[in-house]
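This is my_file.pdb. It holds PDB, C-alpha atoms.
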```
ATOM      1  CA  MET A   1      75.050 232.516  90.472
ATOM      2  CA  PHE A   2      75.678 233.536  86.853
ATOM      3  CA  LEU A   3      72.072 232.723  85.939
ATOM      4  CA  GLY A   4      70.678 234.652  88.884
ATOM      5  CA  ILE A   5      69.066 231.639  90.520
ATOM      6  CA  ALA A   6      71.171 231.351  93.682
ATOM      7  CA  ALA A   7      68.300 232.685  95.786
ATOM      8  CA  GLU A   8      65.663 230.455  94.160
ATOM      9  CA  THR A   9      64.282 227.602  96.247
ATOM     10  CA  GLY A  10      65.498 224.963  93.783
ATOM     11  CA  SER A  11      69.092 226.177  93.785
ATOM     12  CA  GLU A  12      70.047 224.032  96.779
ATOM     13  CA  ASP A  13      68.634 220.962  95.018
ATOM     14  CA  ILE A  14      70.621 221.861  91.892
ATOM     15  CA  ARG A  15      73.854 222.148  93.877
ATOM     16  CA  ARG A  16      73.194 218.858  95.673
ATOM     17  CA  ILE A  17      72.564 216.962  92.431
ATOM     18  CA  VAL A  18      75.568 218.481  90.629
ATOM     19  CA  LYS A  19      77.814 217.723  93.606
ATOM     20  CA  LEU A  20      76.691 214.095  93.474
ATOM     21  CA  MET A  21      77.329 213.943  89.718
ATOM     22  CA  VAL A  22      80.834 215.376  90.128
ATOM     23  CA  ASP A  23      81.685 213.234  93.169
ATOM     24  CA  GLN A  24      80.517 210.028  91.476
ATOM     25  CA  ASN A  25      81.579 211.114  87.978
ATOM     26  CA  VAL A  26      78.187 210.187  86.507
ATOM     27  CA  ASN A  27      75.793 211.922  84.157
ATOM     28  CA  PHE A  28      72.257 212.864  85.137
ATOM     29  CA  ALA A  29      70.671 209.712  83.692
ATOM     30  CA  SER A  30      72.933 207.526  85.842
ATOM     31  CA  ILE A  31      71.894 208.979  89.201
ATOM     32  CA  ASN A  32      70.042 206.645  91.514
ATOM     33  CA  PHE A  33      67.921 209.218  93.326
ATOM     34  CA  GLU A  34      66.456 206.747  95.793
ATOM     35  CA  ARG A  35      69.805 205.289  96.846
ATOM     36  CA  ASP A  36      72.072 208.321  96.585
ATOM     37  CA  LEU A  37      69.737 211.136  97.621
ATOM     38  CA  GLN A  38      67.153 209.179  99.622
ATOM     39  CA  MET A  39      64.301 210.412  97.394
ATOM     40  CA  THR A  40      61.068 208.571  96.797
ATOM     41  CA  GLU A  41      59.402 208.949  93.401
ATOM     42  CA  HIS A  42      57.089 211.568  94.919
ATOM     43  CA  ASP A  43      60.018 213.476  96.470
ATOM     44  CA  LYS A  44      61.800 213.363  93.124
ATOM     45  CA  LYS A  45      58.792 214.892  91.330
ATOM     46  CA  VAL A  46      58.554 217.675  93.927
ATOM     47  CA  VAL A  47      62.296 218.416  93.700
ATOM     48  CA  PHE A  48      62.243 218.383  89.888
ATOM     49  CA  GLN A  49      59.325 220.841  89.874
ATOM     50  CA  ARG A  50      61.207 223.135  92.244
ATOM     51  CA  ILE A  51      64.265 222.921  89.984
ATOM     52  CA  ARG A  52      62.179 223.642  86.858
ATOM     53  CA  ARG A  53      60.821 226.803  88.498
ATOM     54  CA  SER A  54      64.359 227.921  89.298
ATOM     55  CA  LEU A  55      65.533 227.130  85.782
ATOM     56  CA  LYS A  56      62.623 229.107  84.328
ATOM     57  CA  ALA A  57      64.022 232.138  86.165
ATOM     58  CA  GLY A  58      67.510 231.223  84.905
ATOM     59  CA  ILE A  59      66.495 230.923  81.249
ATOM     60  CA  THR A  60      64.613 234.224  81.508
ATOM     61  CA  ASN A  61      67.690 235.928  82.970
ATOM     62  CA  LEU A  62      69.959 234.373  80.349
ATOM     63  CA  ALA A  63      67.627 235.423  77.530
ATOM     64  CA  THR A  64      67.618 238.987  78.865
ATOM     65  CA  MET A  65      71.414 239.015  78.952
ATOM     66  CA  CYS A  66      71.547 237.619  75.400
ATOM     67  CA  ILE A  67      69.252 240.439  74.225
ATOM     68  CA  ASP A  68      71.384 243.053  75.972
ATOM     69  CA  TYR A  69      74.748 241.564  74.925
ATOM     70  CA  PRO A  70      74.142 239.579  71.717
ATOM     71  CA  GLU A  71      77.825 239.269  70.808
ATOM     72  CA  ASN A  72      78.915 237.847  74.170
ATOM     73  CA  GLU A  73      80.294 234.379  73.402
ATOM     74  CA  ILE A  74      80.143 233.235  77.027
ATOM     75  CA  LEU A  75      76.403 233.908  77.151
ATOM     76  CA  LEU A  76      75.871 232.004  73.916
ATOM     77  CA  GLU A  77      77.930 229.104  75.220
ATOM     78  CA  TYR A  78      75.849 228.924  78.413
ATOM     79  CA  ALA A  79      72.683 229.242  76.358
ATOM     80  CA  ASN A  80      73.643 226.236  74.282
ATOM     81  CA  ASN A  81      75.301 224.093  76.950
ATOM     82  CA  LEU A  82      72.647 224.499  79.636
ATOM     83  CA  PHE A  83      69.350 225.145  77.879
ATOM     84  CA  GLU A  84      69.907 224.483  74.177
ATOM     85  CA  TYR A  85      70.068 227.705  72.243
ATOM     86  CA  GLN A  86      66.678 227.320  70.525
ATOM     87  CA  ASN A  87      64.987 227.438  73.937
ATOM     88  CA  VAL A  88      66.844 230.597  74.928
ATOM     89  CA  HIS A  89      65.993 232.067  71.519
ATOM     90  CA  SER A  90      62.301 231.292  72.088
ATOM     91  CA  GLU A  91      62.501 232.991  75.476
ATOM     92  CA  MET A  92      64.161 236.015  73.853
ATOM     93  CA  GLN A  93      61.319 236.219  71.326
ATOM     94  CA  ARG A  94      58.728 235.970  74.100
ATOM     95  CA  GLN A  95      60.436 238.828  75.953
ATOM     96  CA  ARG A  96      60.224 240.924  72.794
ATOM     97  CA  ASN A  97      56.462 240.175  72.666
ATOM     98  CA  GLU A  98      56.885 238.108  69.515
ATOM     99  CA  GLU A  99      55.003 234.913  68.806
ATOM    100  CA  ALA A 100      57.208 232.058  69.942
ATOM    101  CA  PRO A 101      56.761 228.556  71.282
ATOM    102  CA  LYS A 102      57.201 228.175  75.012
ATOM    103  CA  SER A 103      60.775 227.311  75.908
ATOM    104  CA  GLN A 104      61.361 223.734  76.995
ATOM    105  CA  ILE A 105      63.748 223.030  79.826
ATOM    106  CA  SER A 106      65.418 219.639  79.798
ATOM    107  CA  LEU A 107      66.712 218.764  83.250
ATOM    108  CA  GLN A 108      69.038 216.175  81.763
ATOM    109  CA  HIS A 109      70.513 218.676  79.286
ATOM    110  CA  PHE A 110      70.927 221.304  82.009
ATOM    111  CA  PHE A 111      72.560 218.998  84.544
ATOM    112  CA  ASP A 112      74.788 217.294  81.991
ATOM    113  CA  GLY A 113      75.844 220.756  80.798
ATOM    114  CA  LEU A 114      76.745 221.779  84.350
ATOM    115  CA  TRP A 115      78.582 218.497  84.837
ATOM    116  CA  GLN A 116      80.598 219.115  81.657
ATOM    117  CA  GLU A 117      81.390 222.650  82.875
ATOM    118  CA  SER A 118      82.877 221.154  86.063
ATOM    119  CA  PHE A 119      85.618 219.552  83.948
ATOM    120  CA  ARG A 120      86.735 222.949  82.658
ATOM    121  CA  SER A 121      87.955 224.188  86.027
TER     122      SER A 121
END
```
Structure rendered as structure tokens:
Amino acid sequence: MFLGIAAETGSEDIRRIVKLMVDQNVNFASINFERDLQMTEHDKKVVFQRIRRSLKAGITNLATMCIDYPENEILLEYANNLFEYQNVHSEMQRQRNEEAPKSQISLQHFFDGLWQESFRS
């Protein structure tokens, strides 16, 4: 919800994967998608694309918040833990109409970051 992606189509997939990671206490690389989520390779590609679209909206929202509130440590922590700060920084530059490389979203980094956040509660 913090990233503003709760209404995105990939948000349900994100919650399902994170729930599995927390329940099984495994990182993203250790998930057996076929066994645990009954996904074929094709299904997995479709789901990952849906998630990437949702995360694109999330990184855009986070970059906007970082522009508006540059001293907010929580935003910077999310930026680094979920997307790697350099990607959020690139997105911030793109929003300011500056030349910047396209931000790269690593699903593994994002999901492992969410998984780590679950231990904080």
### Task
Could you tell me how far atom CA of Met1 of chain A lies from atom CA of Arg120 of chain A, in Å and to one decimal?
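It comes out at 17.0 Å.
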Taking all atoms of segment 101-115 of chain A that the file lists, what box with edges along x, y and z, padded by 8 Å per side, do you get, with centre and edge lengths in Å to one decimal, as AutoDock Vina command-line options?
```
--center_x 67.7 --center_y 222.4 --center_z 78.1 --size_x 37.8 --size_y 28.4 --size_z 29.6
```
#### Entry: Nearest to Val46 of chain A by atom-to-atom distance, counting all atoms listed in the file, from A:Thr9, A:Gln116, A:Asn32, A:Asn27
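When distances to Val46 of chain A are compared using all atoms listed in the file, the smallest one comes from A:Thr9.
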Enumerate, as a compact mmCIF listing (two decimals) with C-alpha atoms, keeping the file's coordinate frame, the residues matched when the PyMOL selection byres ((chain A and resi 115) around 9) is run on the file above.
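In the end it all went to result08.txt:
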```
# COMPACT_ATOMS: atom_id res chain seq x y z
CA VAL A 18 75.57 218.48 90.63
CA LYS A 19 77.81 217.72 93.61
CA MET A 21 77.33 213.94 89.72
CA VAL A 22 80.83 215.38 90.13
CA ASN A 25 81.58 211.11 87.98
CA VAL A 26 78.19 210.19 86.51
CA ASN A 27 75.79 211.92 84.16
CA PHE A 28 72.26 212.86 85.14
CA PHE A 110 70.93 221.30 82.01
CA PHE A 111 72.56 219.00 84.54
CA ASP A 112 74.79 217.29 81.99
CA GLY A 113 75.84 220.76 80.80
CA LEU A 114 76.74 221.78 84.35
CA GLN A 116 80.60 219.12 81.66
CA GLU A 117 81.39 222.65 82.88
CA SER A 118 82.88 221.15 86.06
CA PHE A 119 85.62 219.55 83.95
```
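Take the PyMOL selection byres ((chain A and resi 59) around 9) and apply it to this file: it picks Leu3, Ser54, Leu55, Lys56, Ala57, Gly58, Thr60, Asn61, Leu62, Ala63, Thr64, Ala79, Phe83, Asn87, Val88, Glu91, Ser103 and Ile105 of chain A.
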### Message
I'd like the contact shell of Gln93 of chain A - 10 Å cut-off, all atoms listed in the file, skipping same-chain residues fewer than 6 positions apart - returned as a list in words.
### Response
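Once the nearby chain positions are removed, what remains is Ala63, Ile67, Asn87, Glu99, Ala100, Pro101 and Lys102 of chain A.
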